[in-house]
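Report on the following structure.
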Amino acid sequence: MEQARIEIVKTGNHPRDLDPLVDSISKDHNPFNEAHGKRLAWAPDIKKNGRRIAYFSGCTAAYRENKIAQSTVQLLGSLNHSVVLLKEEWCCGSPLFRTGFVDQALEVARHNIDIFNELEAEAIIVTCPGCYRALTVDYPEYGLNFNKPIHHISEFLEGRLDDLPTGTFVGSITYHDPCHLGRHMDVYEAPRRVIQRITGKAVTEMERNRENAACCGNGAGLRTLFTEKAKKIGAERVRHAEDVGANMLVTACPFCKNMLKSQAGENVDVIDLPELVEKAMMDRKRHK
């Protein structure tokens with residue numbers, strides 16, 4: 001499918017509605033037509049001491065779902081890390097790779113490799129599965145490699161379970177598997193183990209989960225080209241959560257949260273994994 005898209009782009013027969021997205025990434029280094037100077041407008045005060053770790057926020061958390069980025073920085077600080085943010089960070093290129101614009105994707109990829117490889121940090125944390133796939137799979141396929149490990153926040157937190165608070169969550173909680181984190185990267189259990197640690201109970205599974213999970217509707221250019229169809233897909237996924245009586249729908253992807261939250265009513269609270277964990281960390285501090 002993706003190889004076919006590459007060939008279509010090469011012949012100039014791609015959907016023209018994708019042109020604004022490509023132009024925005026080339027000009028402003030994000031797909032939302034936002035000024036690049038706003039990329040870190042969300043950033044809170046950073047803890048200066050602790051082991052240095054870089055956060056590649058990705059565009060959706062930086063420009064649309066700021067609470068995910070803010071919670072991630074606060075959470076990493078609570079785990080004794082000094083978080084490094086780079087204002088020179090560009091879009092990871094995932095929207096370009098997924099829609100066939102490889103040449104443009106490699107331009108941003110080379111830039112990100114250069115600036116992050118110069119950085120002194122023990123690892124790079126990402127909260128966006130699209131970024132995770134791009135940085136660890138797409139870049140290396142074209143000979144572009146980071147000189148430090150890259151972790152999705154769910155796997156990073158799974159490795160720190162003993163440092164996370166645990167408690168009793170009132171209500172039923174379910175988890176939505178992002179396509180790029182699940183089927184693309186085979187990460188299914190890490191976020192579930194983190195949720196169980198935080199809430200004190202196992203996830204209430206929707207009928208479609210893990211490898212068979214339904215898409216949120218927000219990825220691979222679908223929302224750009226077919227906005228109303230994408231929203232219907234998102235609304236259907238919210239109904240899956242309602243069908244199992246979930247009060248809270250947790251995901252581990254800014255794209256998924258953005259779509260699912262926009263389609264959820266008052267009965268289901270949509271939240272991203274770092275937000276859930278950071279909230280629990282704050283609750284623990286208040287009750288000490």
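Quick note on naming: the chains in the structure tokens go A, B, ... in the order shown, residues restart at 1 in each chain, and ligands are numbered from 1 in order of appearance.
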Excluding range 41-49 of chain A and any residue of its chain fewer than 2 positions from it, enumerate the residues within 9 Å of it, using only C-alpha atoms, and give them as a PyMOL selection string.
-> chain A and resi 37-39+51-52+62-63+66-67+69-70+73-74+77-78+80-85
Spatial neighbours of Thr251 in chain A, 8 Å, only C-alpha atoms, chain gap at least 2 places, as JSON, numbers by chain = {"A": [175, 176, 177, 178, 249, 253, 256, 257, 270, 271, 272, 273]}
Serialized selection, N, CA and C atoms, as a PDB file, in the first residue's frame:
```pdb
ATOM      1  N   TYR A 175      -8.910   0.624  27.256  1.00  0.00           N
ATOM      2  CA  TYR A 175      -7.724   1.112  26.556  1.00  0.00           C
ATOM      3  C   TYR A 175      -7.887   0.905  25.060  1.00  0.00           C
ATOM      4  N   HIS A 176      -7.564   1.948  24.313  1.00  0.00           N
ATOM      5  CA  HIS A 176      -7.595   1.907  22.850  1.00  0.00           C
ATOM      6  C   HIS A 176      -6.175   1.726  22.320  1.00  0.00           C
ATOM      7  N   ASP A 177      -5.947   0.668  21.543  1.00  0.00           N
ATOM      8  CA  ASP A 177      -4.640   0.408  20.940  1.00  0.00           C
ATOM      9  C   ASP A 177      -4.441   1.283  19.701  1.00  0.00           C
ATOM     10  N   PRO A 178      -3.494   2.213  19.721  1.00  0.00           N
ATOM     11  CA  PRO A 178      -3.197   2.978  18.508  1.00  0.00           C
ATOM     12  C   PRO A 178      -2.622   2.064  17.424  1.00  0.00           C
ATOM     13  N   LEU A 249     -11.639   6.279  28.784  1.00  0.00           N
ATOM     14  CA  LEU A 249     -10.998   5.668  27.625  1.00  0.00           C
ATOM     15  C   LEU A 249      -9.574   6.208  27.553  1.00  0.00           C
ATOM     16  N   CYS A 253      -1.565   7.769  22.382  1.00  0.00           N
ATOM     17  CA  CYS A 253      -1.276   8.418  21.107  1.00  0.00           C
ATOM     18  C   CYS A 253      -1.998   9.757  21.039  1.00  0.00           C
ATOM     19  N   CYS A 256      -4.776   9.736  18.401  1.00  0.00           N
ATOM     20  CA  CYS A 256      -5.968   8.999  18.826  1.00  0.00           C
ATOM     21  C   CYS A 256      -6.761   9.806  19.846  1.00  0.00           C
ATOM     22  N   LYS A 257      -6.062  10.382  20.830  1.00  0.00           N
ATOM     23  CA  LYS A 257      -6.775  11.174  21.832  1.00  0.00           C
ATOM     24  C   LYS A 257      -7.524  12.320  21.165  1.00  0.00           C
ATOM     25  N   VAL A 270     -11.853  10.857  27.795  1.00  0.00           N
ATOM     26  CA  VAL A 270     -10.733  10.387  26.982  1.00  0.00           C
ATOM     27  C   VAL A 270      -9.456  11.044  27.486  1.00  0.00           C
ATOM     28  N   ILE A 271      -8.434  10.218  27.752  1.00  0.00           N
ATOM     29  CA  ILE A 271      -7.200  10.715  28.351  1.00  0.00           C
ATOM     30  C   ILE A 271      -6.025   9.922  27.787  1.00  0.00           C
ATOM     31  N   ASP A 272      -4.871  10.562  27.710  1.00  0.00           N
ATOM     32  CA  ASP A 272      -3.672   9.880  27.229  1.00  0.00           C
ATOM     33  C   ASP A 272      -2.880   9.332  28.409  1.00  0.00           C
ATOM     34  N   LEU A 273      -2.076   8.320  28.157  1.00  0.00           N
ATOM     35  CA  LEU A 273      -1.381   7.603  29.232  1.00  0.00           C
ATOM     36  C   LEU A 273      -0.534   8.507  30.127  1.00  0.00           C
TER      37      LEU A 273
END
```
Which residue, A:Thr204, A:Thr224, A:Ser57, A:Ser172, has the smallest gap to Cys131 in chain A when you use only C-alpha atoms?
->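 Result for the nearest residue to Cys131 in chain A: A:Ser57.
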Nearest to Phe56 in chain A, chosen from A:Ile124, A:Ser94, A:Ser24, A:Pro15, with only C-alpha atoms counted in the distances |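 Checking each candidate against Phe56 in chain A, we get A:Ile124 as the closest.
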What residues in range 73-243 of chain A get the DSSP label helix (DSSP H, G or I)? Please answer as number ranges by chain.
-> A: 73-78, 94-99, 102-117, 129-141, 153-158, 161-163, 189-199, 210-212, 222-225, 227-243
Per-residue DSSP, range 27-260 of chain A, filtered to strand (DSSP E), as a ChimeraX atom specification = /A:51-56,81-84,124-126,150-152,173-175,248-251
If you keep C-alpha atoms, can you produce a file of those selected residues as a PDB file, in the first residue's frame?
```
ATOM      1  CA  ARG A  51      19.683  12.410  34.488  1.00  0.00           C
ATOM      2  CA  ARG A  52      19.269  14.142  31.133  1.00  0.00           C
ATOM      3  CA  ILE A  53      16.616  12.714  28.863  1.00  0.00           C
ATOM      4  CA  ALA A  54      15.325  14.233  25.618  1.00  0.00           C
ATOM      5  CA  TYR A  55      11.640  14.535  24.805  1.00  0.00           C
ATOM      6  CA  PHE A  56      10.649  14.472  21.130  1.00  0.00           C
ATOM      7  CA  HIS A  81      15.087  13.268  34.967  1.00  0.00           C
ATOM      8  CA  SER A  82      16.168  16.616  33.612  1.00  0.00           C
ATOM      9  CA  VAL A  83      14.120  16.894  30.425  1.00  0.00           C
ATOM     10  CA  VAL A  84      15.722  18.423  27.347  1.00  0.00           C
ATOM     11  CA  ILE A 124      14.910  10.033  23.599  1.00  0.00           C
ATOM     12  CA  ILE A 125      11.308   9.677  24.789  1.00  0.00           C
ATOM     13  CA  VAL A 126       8.372   9.945  22.386  1.00  0.00           C
ATOM     14  CA  ILE A 150      14.403   5.792  21.636  1.00  0.00           C
ATOM     15  CA  HIS A 151      11.539   4.719  23.902  1.00  0.00           C
ATOM     16  CA  HIS A 152       7.815   5.160  23.618  1.00  0.00           C
ATOM     17  CA  ILE A 173     -11.416   1.946  32.407  1.00  0.00           C
ATOM     18  CA  THR A 174     -10.696   0.708  28.889  1.00  0.00           C
ATOM     19  CA  TYR A 175      -7.724   1.112  26.556  1.00  0.00           C
ATOM     20  CA  MET A 248     -12.594   6.393  30.983  1.00  0.00           C
ATOM     21  CA  LEU A 249     -10.998   5.668  27.625  1.00  0.00           C
ATOM     22  CA  VAL A 250      -7.193   5.713  27.797  1.00  0.00           C
ATOM     23  CA  THR A 251      -4.964   5.695  24.757  1.00  0.00           C
TER      24      THR A 251
END
```
Please provide the set of residues having any atom within 7 Å of Lys231 in chain A, restricted to only C-alpha atoms, with same-chain residues fewer than 4 positions apart removed, written as a PDB file with C-alpha atoms, in the first residue's frame.
```pdb
ATOM      1  CA  GLY A 217      -9.830   7.378  12.132  1.00  0.00           C
ATOM      2  CA  THR A 227     -12.828  14.374   7.340  1.00  0.00           C
ATOM      3  CA  ALA A 235     -17.403   7.949  16.957  1.00  0.00           C
TER       4      ALA A 235
END
```
Go through A:Asn112, A:Ala246, A:Asp283, A:Phe32 one by one, measure the shortest atom-to-atom distance of each to Ala61 in chain A using only C-alpha atoms, and give the residue with the smallest value.
->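 For Ala61 in chain A, the nearest of the given residues is A:Phe32.
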For Asn209 in chain A, which residue out of A:Cys179, A:Ala134, A:Ala264, A:Ile153 is the nearest one, using only C-alpha atoms?
->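 Closest residue, counting only C-alpha atoms: A:Cys179.
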Please provide the set of residues having any atom within 7 Å of Cys216 in chain A, restricted to only C-alpha atoms, with same-chain residues fewer than 4 positions apart removed, written as a VMD selection string.
-> chain A and resid 233 to 234 237 256 259 to 260
Please produce a file of the residues just selected, as a PDB file, in the first residue's frame, where the atoms kept are C-alpha atoms.
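The new file out_10.pdb reads:
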```
ATOM      1  CA  ILE A 233     -14.776   5.976  12.558  1.00  0.00           C
ATOM      2  CA  GLY A 234     -13.798   7.830  15.730  1.00  0.00           C
ATOM      3  CA  ARG A 237     -14.660   3.563  18.493  1.00  0.00           C
ATOM      4  CA  CYS A 256      -5.968   8.999  18.826  1.00  0.00           C
ATOM      5  CA  MET A 259      -9.993  12.215  17.474  1.00  0.00           C
ATOM      6  CA  LEU A 260     -11.636  10.164  20.221  1.00  0.00           C
TER       7      LEU A 260
END
```
Nearest candidate to Gly182 in chain A (options A:Gly12, A:Gly159, A:Pro129, A:Gly167; using only C-alpha atoms) =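 Checking each candidate against Gly182 in chain A, we get A:Pro129 as the closest.
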Rank A:Ser26, A:Thr72, A:Gln196, A:Thr166 by their smallest atom-to-atom distance to His111 in chain A, using only C-alpha atoms, and report the top residue only.
->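 Using only C-alpha atoms, the shortest distance to His111 in chain A belongs to A:Ser26.
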CA of Ala220 in chain A and CA of Asp28 in chain A, how far apart in Å?
->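 About the pair CA of Asp28 in chain A and CA of Ala220 in chain A: they are 19.8 Å apart.
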When you look at Pro95 in chain A with a cut-off of 9 Å (counting only C-alpha atoms), what residues show up, excluding the ones that are within fewer than 4 positions of it in the same chain? I need them as an mmCIF file with N, CA and C atoms, in the first residue's frame.
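Writing the result to around_16.cif gives the following:
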```cif
data_model
loop_
_atom_site.group_PDB
_atom_site.id
_atom_site.type_symbol
_atom_site.label_atom_id
_atom_site.label_comp_id
_atom_site.auth_asym_id
_atom_site.auth_seq_id
_atom_site.Cartn_x
_atom_site.Cartn_y
_atom_site.Cartn_z
ATOM 1 N N LEU A 21 -0.773 19.982 3.425
ATOM 2 C CA LEU A 21 -0.060 19.304 4.509
ATOM 3 C C LEU A 21 1.433 19.238 4.203
ATOM 4 N N VAL A 22 1.756 18.829 2.989
ATOM 5 C CA VAL A 22 3.161 18.721 2.584
ATOM 6 C C VAL A 22 3.829 20.092 2.622
ATOM 7 N N PRO A 31 2.459 19.787 10.444
ATOM 8 C CA PRO A 31 1.368 19.614 9.479
ATOM 9 C C PRO A 31 0.150 20.486 9.739
ATOM 10 N N CYS A 91 8.839 18.256 12.536
ATOM 11 C CA CYS A 91 7.949 17.101 12.359
ATOM 12 C C CYS A 91 8.781 15.860 12.080
ATOM 13 N N THR A 99 2.062 8.826 3.482
ATOM 14 C CA THR A 99 1.293 9.219 2.300
ATOM 15 C C THR A 99 2.124 9.213 1.020
ATOM 16 N N GLY A 100 3.379 8.758 1.099
ATOM 17 C CA GLY A 100 4.166 8.555 -0.111
ATOM 18 C C GLY A 100 5.153 9.642 -0.458
ATOM 19 N N PHE A 101 5.275 10.693 0.369
ATOM 20 C CA PHE A 101 6.176 11.807 0.072
ATOM 21 C C PHE A 101 7.542 11.560 0.730
ATOM 22 N N ALA A 105 9.989 13.666 3.392
ATOM 23 C CA ALA A 105 10.153 13.042 4.705
ATOM 24 C C ALA A 105 11.629 12.927 5.076
ATOM 25 N N GLY A 130 3.278 7.511 15.965
ATOM 26 C CA GLY A 130 3.708 7.837 14.619
ATOM 27 C C GLY A 130 5.166 8.268 14.606
ATOM 28 N N GLY A 219 -5.437 8.765 11.338
ATOM 29 C CA GLY A 219 -4.097 8.603 10.801
ATOM 30 C C GLY A 219 -4.023 8.403 9.305
ATOM 31 N N ALA A 220 -2.757 8.384 8.810
ATOM 32 C CA ALA A 220 -2.424 8.033 7.424
ATOM 33 C C ALA A 220 -3.097 8.933 6.389
ATOM 34 N N GLY A 221 -3.404 10.164 6.768
ATOM 35 C CA GLY A 221 -3.998 11.103 5.830
ATOM 36 C C GLY A 221 -5.502 11.018 5.697
#
```
Suppose you want the space between CA of Glu205 in chain A and CA of Glu242 in chain A; what is it in Å?
->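 Between CA of Glu205 in chain A and CA of Glu242 in chain A the gap is 11.2 Å.
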Quote the spacing between CA of Arg133 in chain A and CA of Val187 in chain A in Å to one decimal place.
->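 A separation of 11.2 Å between them.
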